[in-house]
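One file, entry-v5.txt, is given below (compact mmCIF, C-alpha atoms and all ligand atoms).
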# COMPACT_ATOMS: atom_id res chain seq x y z
CA HIS A 23 176.55 202.50 -28.25
CA LEU A 24 175.01 199.33 -26.80
CA SER A 25 171.54 200.81 -26.69
CA ASN A 26 172.04 201.81 -30.31
CA LEU A 27 172.79 198.24 -31.24
CA ARG A 28 169.75 197.01 -29.33
CA GLY A 29 167.60 199.47 -31.23
CA LEU A 30 169.02 198.18 -34.49
CA LYS A 31 167.65 194.71 -33.89
CA SER A 32 164.20 195.76 -34.88
CA GLY A 33 164.57 198.97 -36.82
CA THR A 34 163.42 199.73 -40.34
CA LEU A 35 165.49 201.43 -43.02
CA ARG A 36 163.54 203.06 -45.83
CA LEU A 37 165.31 203.88 -49.07
CA ALA A 38 163.91 205.29 -52.28
CA SER A 39 166.06 205.40 -55.37
CA ALA A 40 165.78 206.41 -58.98
CA THR A 41 165.96 203.37 -61.24
CA THR A 42 169.57 203.81 -62.36
CA ALA A 43 170.69 203.35 -58.74
CA LYS A 44 168.96 200.00 -58.37
CA TYR A 45 172.05 198.39 -59.91
CA PHE A 46 174.29 199.29 -57.00
CA ILE A 47 172.07 199.67 -53.92
CA PRO A 48 171.52 195.91 -53.46
CA HIS A 49 175.31 195.51 -53.30
CA LEU A 50 175.34 197.95 -50.38
CA LEU A 51 172.49 196.18 -48.63
CA GLY A 52 174.02 192.68 -48.70
CA PRO A 53 176.93 193.30 -46.30
CA PHE A 54 174.83 195.74 -44.24
CA CYS A 55 172.07 193.18 -43.61
CA GLU A 56 174.66 190.54 -42.81
CA ARG A 57 176.02 192.82 -40.12
CA TYR A 58 172.59 193.84 -38.82
CA PRO A 59 170.29 190.92 -39.59
CA GLY A 60 167.41 192.29 -37.56
CA ILE A 61 166.94 195.40 -39.68
CA ASP A 62 163.95 195.46 -41.94
CA ILE A 63 164.64 197.12 -45.29
CA GLN A 64 162.01 198.85 -47.39
CA PHE A 65 163.55 199.65 -50.76
CA THR A 66 161.49 201.54 -53.32
CA VAL A 67 162.64 201.93 -56.93
CA ALA A 68 160.92 204.57 -59.05
CA ASN A 69 161.81 207.29 -61.51
CA ARG A 70 163.28 210.59 -60.41
CA GLN A 71 159.96 212.44 -60.30
CA GLN A 72 158.32 209.73 -58.21
CA VAL A 73 161.27 209.73 -55.81
CA ILE A 74 160.92 213.53 -55.48
CA GLU A 75 157.25 213.03 -54.59
CA ARG A 76 158.19 210.49 -51.90
CA LEU A 77 160.74 212.99 -50.56
CA GLU A 78 158.11 215.73 -50.40
CA GLN A 79 155.85 213.38 -48.43
CA GLY A 80 158.70 212.35 -46.10
CA LEU A 81 158.14 208.63 -46.74
CA ASP A 82 161.75 207.40 -46.57
CA ASP A 83 165.02 207.86 -44.66
CA PHE A 84 167.16 208.38 -47.78
CA TYR A 85 166.52 209.31 -51.41
CA VAL A 86 169.05 208.47 -54.12
CA PHE A 87 169.24 210.64 -57.24
CA SER A 88 171.69 211.53 -59.92
CA HIS A 89 170.11 214.99 -60.31
CA LEU A 90 169.10 216.51 -57.00
CA PRO A 91 165.79 218.34 -57.03
CA GLU A 92 165.99 222.08 -56.61
CA GLY A 93 164.30 224.19 -53.96
CA LEU A 94 164.26 221.56 -51.20
CA ASP A 95 166.31 221.84 -48.02
CA LEU A 96 168.44 218.71 -48.28
CA ASP A 97 171.50 217.20 -46.70
CA VAL A 98 173.49 215.36 -49.32
CA ILE A 99 176.45 213.05 -49.70
CA GLU A 100 177.85 212.39 -53.14
CA PHE A 101 178.31 208.69 -53.60
CA MET A 102 179.80 207.83 -56.99
CA SER A 103 179.85 208.76 -60.63
CA ASN A 104 177.13 207.78 -63.06
CA ASP A 105 178.19 208.02 -66.69
CA LEU A 106 175.48 207.94 -69.33
CA VAL A 107 176.76 206.18 -72.44
CA ALA A 108 175.54 205.76 -76.01
CA ILE A 109 174.49 202.20 -76.91
CA ALA A 110 173.48 200.23 -79.99
CA GLU A 111 172.91 196.61 -80.92
CA ALA A 112 176.27 194.86 -81.34
CA ASN A 113 176.00 194.54 -85.15
CA HIS A 114 174.84 198.12 -85.70
CA PRO A 115 177.18 199.94 -88.17
CA LEU A 116 178.03 202.64 -85.57
CA THR A 117 179.58 200.03 -83.27
CA LYS A 118 182.21 199.35 -85.97
CA LYS A 119 183.46 202.93 -85.92
CA THR A 120 186.16 204.05 -83.53
CA LYS A 121 184.64 207.54 -83.31
CA VAL A 122 181.08 208.66 -84.09
CA SER A 123 180.19 212.34 -84.39
CA LEU A 124 177.22 213.67 -82.47
CA GLU A 125 175.54 214.63 -85.78
CA GLU A 126 175.86 211.08 -87.02
CA PHE A 127 174.44 209.72 -83.78
CA CYS A 128 171.51 212.16 -83.96
CA ARG A 129 170.49 210.76 -87.36
CA GLU A 130 169.69 207.38 -85.77
CA ASP A 131 166.30 206.51 -84.30
CA PHE A 132 166.55 207.28 -80.60
CA LEU A 133 164.84 205.54 -77.67
CA ILE A 134 164.29 207.70 -74.60
CA ARG A 135 162.99 207.23 -71.05
CA GLU A 136 159.67 208.74 -69.95
CA VAL A 137 159.04 212.29 -68.70
CA GLY A 138 159.98 212.28 -64.99
CA SER A 139 163.09 210.15 -65.55
CA GLY A 140 166.42 211.58 -64.36
CA THR A 141 168.14 209.86 -67.29
CA ARG A 142 165.88 211.74 -69.68
CA PHE A 143 166.48 214.96 -67.75
CA SER A 144 170.27 214.51 -68.16
CA ILE A 145 169.95 213.76 -71.88
CA GLU A 146 167.71 216.78 -72.48
CA SER A 147 170.03 219.09 -70.52
CA PHE A 148 173.00 217.83 -72.52
CA PHE A 149 171.35 218.32 -75.93
CA ASN A 150 170.08 221.78 -74.94
CA ASN A 151 173.66 222.93 -75.43
CA GLN A 152 174.29 221.07 -78.69
CA GLN A 153 173.55 221.97 -82.30
CA CYS A 154 171.88 218.65 -83.13
CA LYS A 155 169.03 216.93 -81.30
CA PRO A 156 168.29 213.21 -80.99
CA ASN A 157 165.74 211.82 -83.39
CA ILE A 158 163.23 210.47 -80.85
CA LYS A 159 161.41 207.41 -82.12
CA MET A 160 160.00 205.91 -78.93
CA THR A 161 159.47 206.72 -75.27
CA ILE A 162 160.01 203.72 -73.06
CA ALA A 163 159.54 203.79 -69.29
CA SER A 164 162.16 201.22 -68.30
CA ASN A 165 165.93 200.83 -68.67
CA GLU A 166 165.56 197.09 -69.31
CA ALA A 167 162.87 197.58 -71.95
CA ILE A 168 165.12 200.13 -73.67
CA ILE A 169 167.97 197.60 -73.69
CA HIS A 170 165.72 194.96 -75.22
CA SER A 171 164.42 197.46 -77.76
CA VAL A 172 168.00 198.32 -78.72
CA LEU A 173 168.66 194.60 -79.12
CA SER A 174 165.65 194.35 -81.38
CA ARG A 175 167.15 197.19 -83.47
CA LEU A 176 164.37 199.66 -82.78
CA GLY A 177 167.00 202.32 -82.25
CA VAL A 178 169.98 203.54 -80.26
CA SER A 179 169.89 205.11 -76.81
CA ILE A 180 171.81 206.73 -73.97
CA LEU A 181 171.64 205.01 -70.60
CA SER A 182 173.61 204.79 -67.38
CA ALA A 183 176.62 202.53 -67.98
CA HIS A 184 175.47 200.47 -65.02
CA THR A 185 172.33 199.32 -66.78
CA LEU A 186 174.64 197.42 -69.16
CA ALA A 187 175.89 194.92 -66.64
CA PHE A 188 173.33 192.51 -68.08
CA GLY A 189 172.73 194.01 -71.50
CA GLU A 190 176.28 193.44 -72.68
CA ILE A 191 175.86 189.73 -72.22
CA TYR A 192 173.17 189.71 -74.87
CA GLY A 193 174.86 191.99 -77.37
CA VAL A 194 174.32 195.65 -76.58
CA GLN A 195 177.46 197.66 -77.19
CA LYS A 196 178.69 201.10 -76.21
CA ILE A 197 179.28 203.50 -79.10
CA ASN A 198 182.09 205.98 -78.87
CA VAL A 199 180.20 209.22 -79.60
CA ALA A 200 181.96 212.61 -79.45
CA SER A 201 181.17 214.62 -76.27
CA LEU A 202 179.76 211.56 -74.52
CA PRO A 203 179.45 210.10 -71.91
CA ILE A 204 177.18 212.55 -70.12
CA GLN A 205 178.56 212.75 -66.62
CA SER A 206 176.49 212.78 -63.48
CA LYS A 207 176.80 211.61 -59.89
CA TRP A 208 174.66 209.60 -57.55
CA SER A 209 173.86 211.27 -54.25
CA PHE A 210 172.21 210.10 -51.08
CA SER A 211 169.98 212.85 -49.76
CA TRP A 212 167.61 213.42 -46.87
CA THR A 213 165.51 216.31 -45.62
CA ARG A 214 167.62 218.52 -43.39
CA SER A 215 164.87 218.95 -40.82
CA GLN A 216 164.19 215.23 -40.68
CA HIS A 217 165.22 213.39 -37.53
CA LEU A 218 167.43 210.46 -38.58
CA SER A 219 166.55 207.25 -36.75
CA PRO A 220 169.35 205.22 -35.08
CA VAL A 221 169.17 202.75 -37.98
CA ALA A 222 169.39 205.56 -40.55
CA LYS A 223 172.44 207.02 -38.76
CA VAL A 224 174.23 203.68 -38.75
CA PHE A 225 173.43 203.18 -42.43
CA LEU A 226 174.64 206.66 -43.34
CA ASN A 227 177.92 206.06 -41.55
CA TYR A 228 178.28 202.72 -43.35
CA VAL A 229 177.61 204.33 -46.75
CA GLU A 230 180.07 207.15 -46.10
CA THR A 231 182.93 205.10 -44.71
CA GLU A 232 182.70 201.77 -46.53
CA GLY A 233 180.00 202.00 -49.15
CA ARG A 234 182.00 203.10 -52.19
CA GLU A 235 184.60 200.37 -51.81
CA ILE A 236 181.99 197.68 -51.20
CA VAL A 237 180.01 198.64 -54.28
CA LYS A 238 183.08 198.93 -56.48
CA LYS A 239 184.19 195.44 -55.55
CA ALA A 240 180.83 193.73 -55.59
CA ALA A 241 179.34 195.30 -58.68
CA ARG A 242 182.66 195.56 -60.55
CA LEU A 243 181.88 199.19 -61.33
P1 LIG A 301 165.69 207.59 -63.64
O1 LIG A 301 167.07 207.51 -62.92
O2 LIG A 301 166.03 207.84 -65.06
O3 LIG A 301 165.10 206.23 -63.39
O4 LIG A 301 164.83 208.68 -63.04
C1 LIG A 301 167.67 208.35 -62.31
C2 LIG A 301 168.36 209.51 -62.05
O5 LIG A 301 169.33 209.64 -62.84
O6 LIG A 301 168.04 210.30 -61.13
What is this file in structure tokens?
Ligand code: PGA
Amino acid sequence: HLSNLRGLKSGTLRLASATTAKYFIPHLLGPFCERYPGIDIQFTVANRQQVIERLEQGLDDFYVFSHLPEGLDLDVIEFMSNDLVAIAEANHPLTKKTKVSLEEFCREDFLIREVGSGTRFSIESFFNNQQCKPNIKMTIASNEAIIHSVLSRLGVSILSAHTLAFGEIYGVQKINVASLPIQSKWSFSWTRSQHLSPVAKVFLNYVETEGREIVKKAARL
């Protein structure tokens, strides 16, 4: 145990996460770094496809996704839910309705993340099983840029509810669309054959035993 702690003084923890997880991971890192101030953290934020590529190259200790890639031999812990919600600018007519049908929502101009995004993947999988399809107006490779485009009334969108922590302040509102939210879950994963460093093991234990509570409190999720 003591030698573990000594090792932790100078270890490095490498995390790669898809962009929707960047809203909660910092809240995990705060208390962790306070406890282990000597640990160097390398935190990479990219879209799902880019995180998969990092995983295939073995660049990080942990990879955080809401849709795990298939065909890779991974160890996984499910962390918490990630609901994808419909959003519009606060004065948009659909925000005034208590219930919006999917058909009605599909008639609006729709803003969607880029190919390679897990958010886009979830939206496409969801609409594969629906009669109507979103009316795609623009592809935008950033959650924040989508929020600002919604604010500028370029269209509506579907994003992880956690991206709204800031957007709501400025006047983006959830719309209550039938069959939504799209439900997914964030998972921490790592290659099964990969040897976890002492730092990675301590972090994994922290995530599993305390992480959910810490994030819930800190990020008010
Ligand atoms: P992404 O987010 O849209 O940035 O890829 C993540 C995911 O849901 O895996």
Contacts of chain A with ligand LIG 301 (chain A) up to 8 Å, shortest pair per row, all atoms listed in the file, as CSV:
residue,atom,partner,partner_atom,distance
A:Ser39,CA,A:LIG301,C1,7.7
A:Ala40,CA,A:LIG301,O1,4.3
A:Thr41,CA,A:LIG301,O3,3.7
A:Thr42,CA,A:LIG301,O1,4.5
A:Ala43,CA,A:LIG301,C1,6.8
A:Ala68,CA,A:LIG301,O3,6.3
A:Asn69,CA,A:LIG301,O4,3.7
A:Arg70,CA,A:LIG301,O4,3.6
A:Gln71,CA,A:LIG301,O4,6.7
A:Val86,CA,A:LIG301,O6,7.3
A:Phe87,CA,A:LIG301,O6,4.1
A:Ser88,CA,A:LIG301,O6,4.0
A:His89,CA,A:LIG301,O6,5.2
A:Leu90,CA,A:LIG301,O6,7.5
A:Arg135,CA,A:LIG301,O2,6.7
A:Gly138,CA,A:LIG301,O4,6.3
A:Ser139,CA,A:LIG301,O4,3.4
A:Gly140,CA,A:LIG301,O4,3.6
A:Thr141,CA,A:LIG301,O2,3.7
A:Arg142,CA,A:LIG301,O2,6.0
A:Phe143,CA,A:LIG301,O2,7.6
A:Ser144,CA,A:LIG301,O5,7.3
A:Ser164,CA,A:LIG301,O3,7.6
A:Asn165,CA,A:LIG301,O3,7.6
A:Ser182,CA,A:LIG301,O5,7.9
A:Ser206,CA,A:LIG301,O5,7.8
A:Trp208,CA,A:LIG301,O5,7.5
(Q) For a test of reading the model, state the distance in Å between CA of Ile145 (chain A) and CA of Asp97 (chain A), rounded to one decimal. (A)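 The value is 25.5 Å.
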Q.
Given all atoms listed in the file as the basis, pick out the residue of A:Lys159, A:His114, A:Lys44, A:Lys207 nearest to Gly193 (chain A).
A.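 Using all atoms listed in the file, Gly193 (chain A) sits closest to A:His114.
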Q: Tell me which of A:Val122, A:Ile180, A:Ala222, A:Leu186 sits closest to Glu166 (chain A), counting all atoms listed in the file.
A: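 The answer is A:Leu186, which sits nearest to Glu166 (chain A).
The spacing separating CA of Trp212 (chain A) from CA of Ile236 (chain A) amounts to 21.8 Å.
Each of A:Gln195, A:Asn150, A:Asn227, A:Ser174 was compared to Ala110 (chain A) using all atoms listed in the file, and A:Gln195 turns out to be the nearest.
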Q: Could you check which of A:Val199, A:His184, A:Ile99, A:Asp62 is closest to Ile47 (chain A), using all atoms listed in the file?
A: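 Between A:Val199, A:His184, A:Ile99, A:Asp62, the residue approaching Ile47 (chain A) most closely is A:His184.
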Q | Distance criterion (only C-alpha atoms): nearest to Ser209 (chain A) out of A:Glu125, A:Glu130, A:Glu235, A:Glu230 | A | A:Glu230
Q: Skip Tyr192 (chain A) itself and residues of its chain fewer than 5 positions away, then list as a list in words all residues within 10 Å of it, counting only C-alpha atoms.
A: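 Returned residues: Glu111, Ala112, Ile169, His170, Leu173 and Leu186 of chain A.
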Could you list, as a JSON list (two decimals) with C-alpha atoms, in the frame of the given file, every residue within 9 Å of Leu116 (chain A), counting only C-alpha atoms and ignoring same-chain residues fewer than 2 positions away?
[["chain", "number", "residue", "atom", "x", "y", "z"],
["A", 110, "ALA", "CA", 173.48, 200.23, -79.99],
["A", 113, "ASN", "CA", 176.00, 194.54, -85.15],
["A", 114, "HIS", "CA", 174.84, 198.12, -85.70],
["A", 118, "LYS", "CA", 182.21, 199.35, -85.97],
["A", 119, "LYS", "CA", 183.46, 202.93, -85.92],
["A", 120, "THR", "CA", 186.16, 204.05, -83.53],
["A", 121, "LYS", "CA", 184.64, 207.54, -83.31],
["A", 122, "VAL", "CA", 181.08, 208.66, -84.09],
["A", 126, "GLU", "CA", 175.86, 211.08, -87.02],
["A", 127, "PHE", "CA", 174.44, 209.72, -83.78],
["A", 197, "ILE", "CA", 179.28, 203.50, -79.10],
["A", 198, "ASN", "CA", 182.09, 205.98, -78.87]]
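Note that the spacing between CA of Gly177 (chain A) and CA of Ile162 (chain A) amounts to 11.6 Å.
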Q: Find the residue from A:Val67, A:Ile204, A:Ala163, A:Ile109 that sits nearest to Ala38 (chain A); use all atoms listed in the file when measuring.
A: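 Using all atoms listed in the file, the shortest distance to Ala38 (chain A) belongs to A:Val67.
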**Q.** Residue neighbourhood Tyr228 (chain A), 10 Å, all atoms listed in the file, exclusion window fewer than 5 positions, as number ranges by chain
**A.** A: 50, 53-54, 222-223, 233-234
Please write the residues from the selection above to a file, keeping C-alpha atoms, as a compact mmCIF listing (two decimals), keeping the file's coordinate frame.
# COMPACT_ATOMS: atom_id res chain seq x y z
CA LEU A 50 175.34 197.95 -50.38
CA PRO A 53 176.93 193.30 -46.30
CA PHE A 54 174.83 195.74 -44.24
CA ALA A 222 169.39 205.56 -40.55
CA LYS A 223 172.44 207.02 -38.76
CA GLY A 233 180.00 202.00 -49.15
CA ARG A 234 182.00 203.10 -52.19
Q: Please provide as JSON, numbers by chain all residues within 9 Å of Thr161 (chain A), with the sequence filter that same-chain residues fewer than 6 positions apart are discarded (counting only C-alpha atoms).
A: {"A": [132, 133, 134, 135, 136, 137, 168]}
Q) Neighbours of Ser32 (chain A) within 12 Å (only C-alpha atoms; same-chain residues fewer than 5 positions away dropped), as a VMD selection string? A) chain A and resid 26 to 27 58 to 63 219 to 221
